[in-house]
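Participant: This is the content of run26.pdb (PDB, C-alpha atoms, pLDDT in the B column):
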```pdb
MODEL        1
ATOM      1  CA  MET A   1     -97.163 -82.162  45.500  1.00 83.00           C
ATOM      2  CA  ILE A   2     -96.139 -80.691  42.149  1.00 87.00           C
ATOM      3  CA  GLN A   3     -92.560 -79.409  42.160  1.00 87.00           C
ATOM      4  CA  HIS A   4     -93.370 -76.229  40.212  1.00 92.00           C
ATOM      5  CA  HIS A   5     -89.870 -74.805  39.846  1.00 92.00           C
ATOM      6  CA  ILE A   6     -88.379 -78.192  38.962  1.00 94.00           C
ATOM      7  CA  PHE A   7     -91.085 -78.809  36.364  1.00 95.00           C
ATOM      8  CA  SER A   8     -90.625 -75.393  34.758  1.00 95.00           C
ATOM      9  CA  THR A   9     -86.838 -75.766  34.566  1.00 96.00           C
ATOM     10  CA  LEU A  10     -87.081 -79.346  33.324  1.00 96.00           C
ATOM     11  CA  LYS A  11     -89.670 -78.520  30.654  1.00 96.00           C
ATOM     12  CA  SER A  12     -87.523 -75.664  29.330  1.00 96.00           C
ATOM     13  CA  GLU A  13     -84.473 -77.919  29.223  1.00 96.00           C
ATOM     14  CA  LEU A  14     -86.295 -80.705  27.384  1.00 97.00           C
ATOM     15  CA  ASP A  15     -88.026 -78.352  24.946  1.00 96.00           C
ATOM     16  CA  ALA A  16     -84.655 -76.841  24.053  1.00 96.00           C
ATOM     17  CA  ALA A  17     -83.275 -80.335  23.406  1.00 96.00           C
ATOM     18  CA  GLY A  18     -86.308 -81.366  21.328  1.00 97.00           C
ATOM     19  CA  VAL A  19     -87.169 -84.131  23.806  1.00 98.00           C
ATOM     20  CA  THR A  20     -90.768 -85.026  24.697  1.00 98.00           C
ATOM     21  CA  LEU A  21     -91.663 -85.151  28.384  1.00 98.00           C
ATOM     22  CA  VAL A  22     -94.000 -87.963  29.405  1.00 98.00           C
ATOM     23  CA  ALA A  23     -95.154 -87.080  32.926  1.00 98.00           C
ATOM     24  CA  VAL A  24     -95.539 -90.401  34.727  1.00 98.00           C
ATOM     25  CA  SER A  25     -98.759 -89.987  36.680  1.00 97.00           C
ATOM     26  CA  LYS A  26     -99.282 -93.510  38.043  1.00 95.00           C
ATOM     27  CA  THR A  27    -100.766 -93.398  41.578  1.00 94.00           C
ATOM     28  CA  GLN A  28    -101.174 -89.613  41.279  1.00 96.00           C
ATOM     29  CA  SER A  29    -104.600 -88.062  41.801  1.00 95.00           C
ATOM     30  CA  PRO A  30    -106.633 -86.496  38.971  1.00 97.00           C
ATOM     31  CA  GLU A  31    -106.228 -83.187  40.832  1.00 97.00           C
ATOM     32  CA  ALA A  32    -102.439 -83.412  40.684  1.00 96.00           C
ATOM     33  CA  ILE A  33    -102.561 -84.270  36.980  1.00 97.00           C
ATOM     34  CA  LEU A  34    -104.891 -81.357  36.339  1.00 97.00           C
ATOM     35  CA  GLU A  35    -102.521 -79.027  38.171  1.00 96.00           C
ATOM     36  CA  LEU A  36     -99.700 -80.077  35.861  1.00 97.00           C
ATOM     37  CA  TYR A  37    -102.048 -79.803  32.881  1.00 98.00           C
ATOM     38  CA  HIS A  38    -102.696 -76.159  33.755  1.00 97.00           C
ATOM     39  CA  LEU A  39     -98.929 -75.602  33.730  1.00 96.00           C
ATOM     40  CA  GLY A  40     -98.917 -76.713  30.084  1.00 96.00           C
ATOM     41  CA  GLN A  41     -98.171 -80.442  30.281  1.00 98.00           C
ATOM     42  CA  ARG A  42    -100.195 -82.575  27.868  1.00 98.00           C
ATOM     43  CA  VAL A  43     -98.501 -85.992  27.718  1.00 98.00           C
ATOM     44  CA  PHE A  44     -99.003 -88.336  30.665  1.00 98.00           C
ATOM     45  CA  GLY A  45     -97.916 -91.931  31.216  1.00 98.00           C
ATOM     46  CA  GLU A  46     -99.819 -94.586  33.129  1.00 98.00           C
ATOM     47  CA  ASN A  47     -98.778 -98.129  34.049  1.00 97.00           C
ATOM     48  CA  ARG A  48    -102.167 -99.775  34.490  1.00 97.00           C
ATOM     49  CA  VAL A  49    -105.012 -99.839  32.000  1.00 97.00           C
ATOM     50  CA  GLN A  50    -107.787 -99.478  34.580  1.00 97.00           C
ATOM     51  CA  GLU A  51    -106.135 -96.518  36.266  1.00 97.00           C
ATOM     52  CA  LEU A  52    -105.615 -94.823  32.902  1.00 98.00           C
ATOM     53  CA  LEU A  53    -109.271 -95.277  31.951  1.00 97.00           C
ATOM     54  CA  GLN A  54    -110.537 -93.965  35.285  1.00 97.00           C
ATOM     55  CA  LYS A  55    -108.413 -90.826  35.069  1.00 98.00           C
ATOM     56  CA  GLN A  56    -109.157 -90.243  31.395  1.00 97.00           C
ATOM     57  CA  ALA A  57    -112.883 -90.086  32.179  1.00 97.00           C
ATOM     58  CA  LEU A  58    -112.285 -87.271  34.677  1.00 97.00           C
ATOM     59  CA  LEU A  59    -109.725 -85.143  32.866  1.00 98.00           C
ATOM     60  CA  PRO A  60    -109.536 -82.901  29.745  1.00 98.00           C
ATOM     61  CA  GLY A  61    -109.951 -84.629  26.402  1.00 97.00           C
ATOM     62  CA  ASP A  62    -106.793 -83.205  24.832  1.00 98.00           C
ATOM     63  CA  ILE A  63    -104.487 -85.076  27.204  1.00 98.00           C
ATOM     64  CA  GLN A  64    -102.293 -87.557  25.342  1.00 98.00           C
ATOM     65  CA  TRP A  65    -102.229 -90.770  27.363  1.00 98.00           C
ATOM     66  CA  HIS A  66     -99.279 -93.132  26.982  1.00 98.00           C
ATOM     67  CA  LEU A  67     -99.478 -96.646  28.382  1.00 98.00           C
ATOM     68  CA  ILE A  68     -95.996 -97.359  29.716  1.00 98.00           C
ATOM     69  CA  GLY A  69     -96.642-100.481  31.813  1.00 96.00           C
ATOM     70  CA  HIS A  70     -96.866-104.126  30.814  1.00 96.00           C
ATOM     71  CA  LEU A  71     -99.959-104.771  28.692  1.00 97.00           C
ATOM     72  CA  GLN A  72    -101.749-108.108  28.834  1.00 96.00           C
ATOM     73  CA  THR A  73    -103.434-109.225  25.622  1.00 96.00           C
ATOM     74  CA  ASN A  74    -106.834-109.458  27.359  1.00 96.00           C
ATOM     75  CA  LYS A  75    -106.691-105.715  28.102  1.00 96.00           C
ATOM     76  CA  VAL A  76    -105.940-104.615  24.535  1.00 97.00           C
ATOM     77  CA  ARG A  77    -109.569-104.035  23.559  1.00 95.00           C
ATOM     78  CA  GLN A  78    -110.006-101.622  26.489  1.00 95.00           C
ATOM     79  CA  VAL A  79    -106.889 -99.603  25.823  1.00 95.00           C
ATOM     80  CA  ILE A  80    -106.949 -99.239  22.022  1.00 94.00           C
ATOM     81  CA  PRO A  81    -109.455 -96.346  21.811  1.00 90.00           C
ATOM     82  CA  SER A  82    -108.029 -94.582  24.855  1.00 94.00           C
ATOM     83  CA  THR A  83    -104.304 -94.103  24.264  1.00 97.00           C
ATOM     84  CA  SER A  84    -102.235 -91.841  22.060  1.00 97.00           C
ATOM     85  CA  MET A  85     -99.353 -94.299  22.282  1.00 98.00           C
ATOM     86  CA  ILE A  86     -98.617 -97.726  23.736  1.00 98.00           C
ATOM     87  CA  GLU A  87     -94.942 -97.687  24.682  1.00 98.00           C
ATOM     88  CA  SER A  88     -94.761-101.188  26.134  1.00 98.00           C
ATOM     89  CA  VAL A  89     -95.272-103.571  23.190  1.00 98.00           C
ATOM     90  CA  ASP A  90     -93.039-106.459  24.178  1.00 96.00           C
ATOM     91  CA  SER A  91     -93.983-109.524  22.113  1.00 95.00           C
ATOM     92  CA  ILE A  92     -95.058-110.643  18.646  1.00 95.00           C
ATOM     93  CA  ARG A  93     -98.228-112.068  20.225  1.00 96.00           C
ATOM     94  CA  LEU A  94     -99.119-108.649  21.627  1.00 97.00           C
ATOM     95  CA  LEU A  95     -98.397-107.037  18.258  1.00 97.00           C
ATOM     96  CA  SER A  96    -100.813-109.454  16.578  1.00 97.00           C
ATOM     97  CA  THR A  97    -103.539-108.763  19.138  1.00 98.00           C
ATOM     98  CA  LEU A  98    -103.089-105.002  18.796  1.00 98.00           C
ATOM     99  CA  GLN A  99    -103.301-105.284  15.011  1.00 98.00           C
ATOM    100  CA  LYS A 100    -106.520-107.304  15.253  1.00 97.00           C
ATOM    101  CA  GLU A 101    -108.261-105.006  17.757  1.00 97.00           C
ATOM    102  CA  ALA A 102    -107.160-101.741  16.126  1.00 97.00           C
ATOM    103  CA  SER A 103    -108.427-103.019  12.769  1.00 97.00           C
ATOM    104  CA  LEU A 104    -111.823-103.832  14.250  1.00 96.00           C
ATOM    105  CA  VAL A 105    -112.360-100.226  15.380  1.00 94.00           C
ATOM    106  CA  GLY A 106    -110.756 -98.666  12.281  1.00 95.00           C
ATOM    107  CA  GLN A 107    -107.937 -97.073  14.240  1.00 94.00           C
ATOM    108  CA  VAL A 108    -104.217 -96.735  13.597  1.00 97.00           C
ATOM    109  CA  GLU A 109    -102.429 -97.112  16.930  1.00 98.00           C
ATOM    110  CA  ASP A 110     -99.028 -95.555  17.660  1.00 98.00           C
ATOM    111  CA  ILE A 111     -96.717 -98.031  19.379  1.00 98.00           C
ATOM    112  CA  LEU A 112     -93.167 -98.403  20.627  1.00 98.00           C
ATOM    113  CA  LEU A 113     -91.318-101.703  20.754  1.00 98.00           C
ATOM    114  CA  GLN A 114     -90.127-102.333  24.307  1.00 98.00           C
ATOM    115  CA  VAL A 115     -86.655-103.867  24.333  1.00 97.00           C
ATOM    116  CA  LYS A 116     -85.093-105.546  27.375  1.00 96.00           C
ATOM    117  CA  ILE A 117     -81.762-103.783  27.795  1.00 95.00           C
ATOM    118  CA  SER A 118     -81.495-104.278  31.564  1.00 92.00           C
ATOM    119  CA  ARG A 119     -80.021-107.305  33.300  1.00 81.00           C
ATOM    120  CA  GLU A 120     -82.855-107.252  35.828  1.00 78.00           C
ATOM    121  CA  ALA A 121     -85.200-110.239  35.563  1.00 75.00           C
ATOM    122  CA  SER A 122     -88.211-108.111  36.536  1.00 76.00           C
ATOM    123  CA  LYS A 123     -88.018-105.996  33.388  1.00 80.00           C
ATOM    124  CA  TYR A 124     -90.204-106.805  30.370  1.00 89.00           C
ATOM    125  CA  GLY A 125     -89.262-106.441  26.718  1.00 95.00           C
ATOM    126  CA  PHE A 126     -88.222-108.112  23.499  1.00 96.00           C
ATOM    127  CA  ASP A 127     -84.902-109.873  23.565  1.00 94.00           C
ATOM    128  CA  PRO A 128     -82.833-107.718  21.175  1.00 93.00           C
ATOM    129  CA  VAL A 129     -81.690-110.658  19.019  1.00 91.00           C
ATOM    130  CA  THR A 130     -85.188-112.160  18.842  1.00 90.00           C
ATOM    131  CA  LEU A 131     -86.698-108.816  17.898  1.00 94.00           C
ATOM    132  CA  VAL A 132     -84.326-108.260  14.995  1.00 89.00           C
ATOM    133  CA  GLU A 133     -84.904-111.813  13.763  1.00 91.00           C
ATOM    134  CA  GLU A 134     -88.712-111.881  14.080  1.00 92.00           C
ATOM    135  CA  LEU A 135     -89.759-108.383  13.100  1.00 94.00           C
ATOM    136  CA  THR A 136     -89.316-108.510   9.346  1.00 93.00           C
ATOM    137  CA  ALA A 137     -90.289-105.820   6.863  1.00 93.00           C
ATOM    138  CA  SER A 138     -93.023-108.066   5.444  1.00 93.00           C
ATOM    139  CA  ARG A 139     -94.514-108.633   8.890  1.00 94.00           C
ATOM    140  CA  VAL A 140     -94.572-104.887   9.544  1.00 96.00           C
ATOM    141  CA  THR A 141     -96.350-104.295   6.214  1.00 95.00           C
ATOM    142  CA  GLU A 142     -99.083-106.745   7.241  1.00 95.00           C
ATOM    143  CA  MET A 143     -99.748-104.761  10.434  1.00 97.00           C
ATOM    144  CA  SER A 144    -101.389-101.782   8.751  1.00 96.00           C
ATOM    145  CA  ALA A 145    -103.390-100.801  11.855  1.00 98.00           C
ATOM    146  CA  LEU A 146    -100.194-100.140  13.805  1.00 98.00           C
ATOM    147  CA  ARG A 147     -97.863 -97.173  13.386  1.00 98.00           C
ATOM    148  CA  PHE A 148     -94.436 -98.227  14.567  1.00 98.00           C
ATOM    149  CA  ARG A 149     -92.943 -95.100  16.138  1.00 98.00           C
ATOM    150  CA  GLY A 150     -89.712 -96.452  17.629  1.00 98.00           C
ATOM    151  CA  VAL A 151     -88.356 -98.252  20.678  1.00 98.00           C
ATOM    152  CA  MET A 152     -88.580 -98.036  24.457  1.00 98.00           C
ATOM    153  CA  GLY A 153     -86.330 -99.388  27.179  1.00 97.00           C
ATOM    154  CA  MET A 154     -85.511 -99.151  30.872  1.00 96.00           C
ATOM    155  CA  ALA A 155     -82.003 -99.183  32.248  1.00 96.00           C
ATOM    156  CA  SER A 156     -81.076-101.165  35.344  1.00 94.00           C
ATOM    157  CA  PHE A 157     -81.856 -99.550  38.698  1.00 92.00           C
ATOM    158  CA  VAL A 158     -78.222 -99.223  39.754  1.00 93.00           C
ATOM    159  CA  ASP A 159     -75.778 -96.493  40.742  1.00 94.00           C
ATOM    160  CA  ASP A 160     -73.273 -97.521  38.070  1.00 96.00           C
ATOM    161  CA  LYS A 161     -73.597 -94.744  35.489  1.00 97.00           C
ATOM    162  CA  THR A 162     -71.356 -96.597  33.043  1.00 97.00           C
ATOM    163  CA  GLN A 163     -73.703 -99.588  33.050  1.00 96.00           C
ATOM    164  CA  ILE A 164     -76.726 -97.319  32.589  1.00 97.00           C
ATOM    165  CA  ARG A 165     -75.037 -95.501  29.716  1.00 98.00           C
ATOM    166  CA  ASN A 166     -74.088 -98.784  28.029  1.00 97.00           C
ATOM    167  CA  GLU A 167     -77.669-100.039  28.276  1.00 97.00           C
ATOM    168  CA  PHE A 168     -79.023 -96.842  26.728  1.00 98.00           C
ATOM    169  CA  ARG A 169     -76.343 -97.053  24.045  1.00 98.00           C
ATOM    170  CA  CYS A 170     -77.494-100.610  23.313  1.00 97.00           C
ATOM    171  CA  LEU A 171     -81.079 -99.401  22.773  1.00 98.00           C
ATOM    172  CA  LYS A 172     -79.892 -96.695  20.396  1.00 98.00           C
ATOM    173  CA  LYS A 173     -77.984 -99.312  18.376  1.00 97.00           C
ATOM    174  CA  ILE A 174     -81.101-101.499  18.193  1.00 97.00           C
ATOM    175  CA  PHE A 175     -83.132 -98.500  17.014  1.00 98.00           C
ATOM    176  CA  ASP A 176     -80.542 -97.742  14.312  1.00 98.00           C
ATOM    177  CA  LEU A 177     -80.480-101.375  13.199  1.00 97.00           C
ATOM    178  CA  LEU A 178     -84.272-101.566  12.945  1.00 97.00           C
ATOM    179  CA  LYS A 179     -84.397 -98.230  11.149  1.00 97.00           C
ATOM    180  CA  ASP A 180     -81.861 -99.451   8.614  1.00 96.00           C
ATOM    181  CA  GLN A 181     -83.161-102.998   8.068  1.00 95.00           C
ATOM    182  CA  VAL A 182     -86.925-102.774   8.620  1.00 96.00           C
ATOM    183  CA  PHE A 183     -88.187 -99.201   8.807  1.00 97.00           C
ATOM    184  CA  SER A 184     -86.027 -97.332   6.305  1.00 96.00           C
ATOM    185  CA  VAL A 185     -89.081 -96.143   4.353  1.00 95.00           C
ATOM    186  CA  TYR A 186     -91.092 -95.239   7.465  1.00 96.00           C
ATOM    187  CA  GLN A 187     -90.457 -91.622   8.458  1.00 96.00           C
ATOM    188  CA  SER A 188     -92.677 -92.132  11.500  1.00 97.00           C
ATOM    189  CA  PHE A 189     -90.152 -94.533  13.065  1.00 98.00           C
ATOM    190  CA  ASP A 190     -88.287 -91.787  14.894  1.00 98.00           C
ATOM    191  CA  GLN A 191     -88.698 -92.171  18.674  1.00 98.00           C
ATOM    192  CA  ILE A 192     -86.436 -93.566  21.386  1.00 98.00           C
ATOM    193  CA  SER A 193     -88.157 -93.538  24.765  1.00 98.00           C
ATOM    194  CA  MET A 194     -85.533 -93.985  27.467  1.00 98.00           C
ATOM    195  CA  GLY A 195     -84.616 -92.175  30.640  1.00 98.00           C
ATOM    196  CA  MET A 196     -86.462 -91.567  33.895  1.00 97.00           C
ATOM    197  CA  SER A 197     -86.089 -89.222  36.863  1.00 95.00           C
ATOM    198  CA  GLY A 198     -82.676 -90.501  37.923  1.00 94.00           C
ATOM    199  CA  ASP A 199     -81.006 -91.074  34.564  1.00 97.00           C
ATOM    200  CA  PHE A 200     -82.740 -88.964  31.909  1.00 98.00           C
ATOM    201  CA  ARG A 201     -79.734 -86.736  31.202  1.00 97.00           C
ATOM    202  CA  ILE A 202     -77.579 -89.772  30.396  1.00 98.00           C
ATOM    203  CA  ALA A 203     -80.396 -91.042  28.173  1.00 98.00           C
ATOM    204  CA  ILE A 204     -80.573 -87.762  26.266  1.00 98.00           C
ATOM    205  CA  GLU A 205     -76.803 -87.820  25.739  1.00 98.00           C
ATOM    206  CA  GLU A 206     -77.235 -91.312  24.235  1.00 98.00           C
ATOM    207  CA  GLY A 207     -80.018 -90.319  21.838  1.00 98.00           C
ATOM    208  CA  SER A 208     -83.317 -90.335  23.735  1.00 98.00           C
ATOM    209  CA  THR A 209     -86.170 -88.373  22.152  1.00 98.00           C
ATOM    210  CA  MET A 210     -88.712 -89.081  24.920  1.00 98.00           C
ATOM    211  CA  VAL A 211     -88.235 -89.301  28.689  1.00 98.00           C
ATOM    212  CA  ARG A 212     -90.622 -90.698  31.303  1.00 98.00           C
ATOM    213  CA  ILE A 213     -90.411 -88.664  34.500  1.00 98.00           C
ATOM    214  CA  GLY A 214     -92.595 -88.964  37.581  1.00 96.00           C
ATOM    215  CA  SER A 215     -91.106 -88.483  41.043  1.00 94.00           C
ATOM    216  CA  LEU A 216     -88.951 -85.536  40.006  1.00 95.00           C
ATOM    217  CA  ILE A 217     -92.124 -83.649  39.047  1.00 96.00           C
ATOM    218  CA  PHE A 218     -94.776 -85.007  41.406  1.00 93.00           C
ATOM    219  CA  GLY A 219     -92.590 -85.669  44.427  1.00 84.00           C
ATOM    220  CA  ALA A 220     -92.668 -88.972  46.321  1.00 73.00           C
ATOM    221  CA  ARG A 221     -95.150 -91.503  44.922  1.00 62.00           C
ATOM    222  CA  ASN A 222     -98.441 -91.926  46.765  1.00 54.00           C
TER     223      ASN A 222
ENDMDL
END
```
Do you think you could lay out the structure here as structure tokens?
Facilitator:
Amino acid sequence: MIQHHIFSTLKSELDAAGVTLVAVSKTQSPEAILELYHLGQRVFGENRVQELLQKQALLPGDIQWHLIGHLQTNKVRQVIPSTSMIESVDSIRLLSTLQKEASLVGQVEDILLQVKISREASKYGFDPVTLVEELTASRVTEMSALRFRGVMGMASFVDDKTQIRNEFRCLKKIFDLLKDQVFSVYQSFDQISMGMSGDFRIAIEEGSTMVRIGSLIFGARN
């Protein structure tokens, strides 16, 4: 059930801070998404390609769909025409596949580089050192069908706020390093997607420009 008052208060807070709200709608019904749409929300995040495609076919065409879950290379062709942004680009191999498929359909795809800032083994993402070493300015220039918009990361699921803050701070440092060394001439490289229902305020304090919030808005997951 949509938490109307919480959503309204949250949206006002984020708008005032200049932070984009990605409403995480995984497992939520099209009816629930439509209810939030009628309250003014336009950006929604889905974890699974098939679920995103099914919902997209049933819902208004001006919704901006973000893929926020792990993307397998064999699903790239399905997702390229359907998303406003892929936030979970976590390997050079996936970058190459995205470049190839986006080129074939004549599309420029907005992406975020997912960085592993958590100590949890279950989290996906580039190793920070590997990313800085492998993603050179020349390689970025070759990927003309991709618009590199910034970075994404998930903090550890722990109660230790200091650890969470340090992980977000690490992602901000990686963003700054990439901006300085690789993307200095790219004005579009300007997004840091970090922070979810339980830690988004810490993330904003550490430089987040985009938060991914689900349970706080929709209530308990179905």
Participant: At a cut-off of 6 Å around the point (-102.2, -99.5, 29.7) (file coordinates), what residues fall inside when counting all atoms listed in the file? I'd like the answer as a VMD selection string.
Facilitator: chain A and resid 47 to 49 67 71
Participant: Give me the result of the PyMOL selection byres ((chain A and resi 185-200) around 8) on this file, residue by residue, as number ranges by chain.
Facilitator: A: 87, 112, 147-155, 164, 168, 172, 175, 179, 183-184, 201-204, 207-216
Participant: Which residues are close to A:Ile92, i.e. within 12 Å by only C-alpha atoms, leaving aside same-chain residues fewer than 5 positions away? Reply as a PyMOL selection string.
Facilitator: chain A and resi 73+97-99+113-114+125-127+130-136+139-140+143
Participant: Of the residues A:Lys161, A:Lys11, A:Arg119, A:Arg42, which is the one nearest to A:Gly61, using all atoms listed in the file?
Facilitator: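 Answer, going by the shortest atom-to-atom distance: A:Arg42.
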Participant: Distance atom CA of A:Ala121-atom CA of A:His66, one decimal place?
Facilitator: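 For atom CA of A:Ala121 relative to atom CA of A:His66, the distance reads 23.8 Å.
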Participant: Evaluate the PyMOL selection byres ((chain A and resi 144) around 12) and record the selected residues as an mmCIF file with C-alpha atoms, keeping the file's coordinate frame, following the chain and residue labels used in the document.
Facilitator:
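And here's result-v8.cif as it stands now:
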```cif
data_model
loop_
_atom_site.group_PDB
_atom_site.id
_atom_site.type_symbol
_atom_site.label_atom_id
_atom_site.label_comp_id
_atom_site.auth_asym_id
_atom_site.auth_seq_id
_atom_site.Cartn_x
_atom_site.Cartn_y
_atom_site.Cartn_z
ATOM 1 C CA LEU A 95 -98.397 -107.037 18.258
ATOM 2 C CA SER A 96 -100.813 -109.454 16.578
ATOM 3 C CA LEU A 98 -103.089 -105.002 18.796
ATOM 4 C CA GLN A 99 -103.301 -105.284 15.011
ATOM 5 C CA LYS A 100 -106.520 -107.304 15.253
ATOM 6 C CA GLU A 101 -108.261 -105.006 17.757
ATOM 7 C CA ALA A 102 -107.160 -101.741 16.126
ATOM 8 C CA SER A 103 -108.427 -103.019 12.769
ATOM 9 C CA LEU A 104 -111.823 -103.832 14.250
ATOM 10 C CA GLY A 106 -110.756 -98.666 12.281
ATOM 11 C CA GLN A 107 -107.937 -97.073 14.240
ATOM 12 C CA VAL A 108 -104.217 -96.735 13.597
ATOM 13 C CA GLU A 109 -102.429 -97.112 16.930
ATOM 14 C CA ASP A 110 -99.028 -95.555 17.660
ATOM 15 C CA ALA A 137 -90.289 -105.820 6.863
ATOM 16 C CA SER A 138 -93.023 -108.066 5.444
ATOM 17 C CA ARG A 139 -94.514 -108.633 8.890
ATOM 18 C CA VAL A 140 -94.572 -104.887 9.544
ATOM 19 C CA THR A 141 -96.350 -104.295 6.214
ATOM 20 C CA GLU A 142 -99.083 -106.745 7.241
ATOM 21 C CA MET A 143 -99.748 -104.761 10.434
ATOM 22 C CA ALA A 145 -103.390 -100.801 11.855
ATOM 23 C CA LEU A 146 -100.194 -100.140 13.805
ATOM 24 C CA ARG A 147 -97.863 -97.173 13.386
ATOM 25 C CA PHE A 148 -94.436 -98.227 14.567
#
```
Participant: When the PyMOL selection byres ((chain A and resi 2) around 10) is applied to the file above, which residues end up in the set, as a list in words?
Facilitator: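 Evaluating the PyMOL selection byres ((chain A and resi 2) around 10) on these coordinates yields Met1, Gln3, His4, His5, Ile6, Phe7, Ala32, Ile33, Glu35, Leu36, Ser215, Leu216, Ile217, Phe218, Gly219 and Ala220 of chain A.
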Participant: Please write a file for stretch 24-40 of chain A, taken from the block I just shared, that holds N, CA, C and O atoms and is laid out as an mmCIF file, in the first residue's frame.
Facilitator:
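In the end it all went to decode.cif:
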```
data_model
loop_
_atom_site.group_PDB
_atom_site.id
_atom_site.type_symbol
_atom_site.label_atom_id
_atom_site.label_comp_id
_atom_site.auth_asym_id
_atom_site.auth_seq_id
_atom_site.Cartn_x
_atom_site.Cartn_y
_atom_site.Cartn_z
ATOM 1 N N VAL A 24 11.659 2.330 -6.206
ATOM 2 C CA VAL A 24 11.980 0.935 -6.494
ATOM 3 C C VAL A 24 10.691 0.116 -6.452
ATOM 4 O O VAL A 24 10.109 -0.108 -5.397
ATOM 5 N N SER A 25 10.273 -0.321 -7.632
ATOM 6 C CA SER A 25 8.950 -0.939 -7.784
ATOM 7 C C SER A 25 9.015 -2.445 -7.999
ATOM 8 O O SER A 25 8.015 -3.054 -8.379
ATOM 9 N N LYS A 26 10.164 -3.056 -7.761
ATOM 10 C CA LYS A 26 10.273 -4.513 -7.936
ATOM 11 C C LYS A 26 9.257 -5.214 -7.039
ATOM 12 O O LYS A 26 9.056 -4.821 -5.881
ATOM 13 N N THR A 27 8.604 -6.209 -7.587
ATOM 14 C CA THR A 27 7.539 -7.021 -6.962
ATOM 15 C C THR A 27 6.237 -6.253 -6.739
ATOM 16 O O THR A 27 5.247 -6.832 -6.313
ATOM 17 N N GLN A 28 6.214 -4.953 -7.032
ATOM 18 C CA GLN A 28 4.983 -4.185 -6.861
ATOM 19 C C GLN A 28 4.088 -4.342 -8.091
ATOM 20 O O GLN A 28 4.569 -4.517 -9.212
ATOM 21 N N SER A 29 2.796 -4.250 -7.891
ATOM 22 C CA SER A 29 1.848 -4.426 -8.989
ATOM 23 C C SER A 29 1.816 -3.196 -9.889
ATOM 24 O O SER A 29 2.145 -2.080 -9.448
ATOM 25 N N PRO A 30 1.405 -3.367 -11.157
ATOM 26 C CA PRO A 30 1.218 -2.203 -12.032
ATOM 27 C C PRO A 30 0.246 -1.186 -11.426
ATOM 28 O O PRO A 30 0.421 0.015 -11.606
ATOM 29 N N GLU A 31 -0.750 -1.670 -10.687
ATOM 30 C CA GLU A 31 -1.727 -0.766 -10.072
ATOM 31 C C GLU A 31 -1.072 0.123 -9.022
ATOM 32 O O GLU A 31 -1.373 1.321 -8.933
ATOM 33 N N ALA A 32 -0.168 -0.450 -8.244
ATOM 34 C CA ALA A 32 0.533 0.338 -7.225
ATOM 35 C C ALA A 32 1.448 1.374 -7.872
ATOM 36 O O ALA A 32 1.544 2.522 -7.418
ATOM 37 N N ILE A 33 2.116 0.963 -8.955
ATOM 38 C CA ILE A 33 2.986 1.900 -9.678
ATOM 39 C C ILE A 33 2.158 3.031 -10.272
ATOM 40 O O ILE A 33 2.545 4.205 -10.205
ATOM 41 N N LEU A 34 1.025 2.688 -10.826
ATOM 42 C CA LEU A 34 0.154 3.701 -11.428
ATOM 43 C C LEU A 34 -0.365 4.677 -10.377
ATOM 44 O O LEU A 34 -0.492 5.880 -10.639
ATOM 45 N N GLU A 35 -0.631 4.173 -9.191
ATOM 46 C CA GLU A 35 -1.077 5.050 -8.100
ATOM 47 C C GLU A 35 0.002 6.077 -7.777
ATOM 48 O O GLU A 35 -0.283 7.273 -7.598
ATOM 49 N N LEU A 36 1.245 5.627 -7.715
ATOM 50 C CA LEU A 36 2.347 6.547 -7.438
ATOM 51 C C LEU A 36 2.575 7.491 -8.616
ATOM 52 O O LEU A 36 2.905 8.670 -8.434
ATOM 53 N N TYR A 37 2.377 6.989 -9.819
ATOM 54 C CA TYR A 37 2.478 7.811 -11.024
ATOM 55 C C TYR A 37 1.496 8.981 -10.954
ATOM 56 O O TYR A 37 1.838 10.121 -11.283
ATOM 57 N N HIS A 38 0.284 8.707 -10.516
ATOM 58 C CA HIS A 38 -0.732 9.763 -10.429
ATOM 59 C C HIS A 38 -0.433 10.772 -9.316
ATOM 60 O O HIS A 38 -1.011 11.862 -9.295
ATOM 61 N N LEU A 39 0.484 10.415 -8.421
ATOM 62 C CA LEU A 39 0.935 11.360 -7.401
ATOM 63 C C LEU A 39 2.122 12.191 -7.904
ATOM 64 O O LEU A 39 2.649 13.026 -7.178
ATOM 65 N N GLY A 40 2.541 11.928 -9.146
ATOM 66 C CA GLY A 40 3.596 12.742 -9.754
ATOM 67 C C GLY A 40 4.936 12.061 -9.949
ATOM 68 O O GLY A 40 5.857 12.656 -10.513
#
```
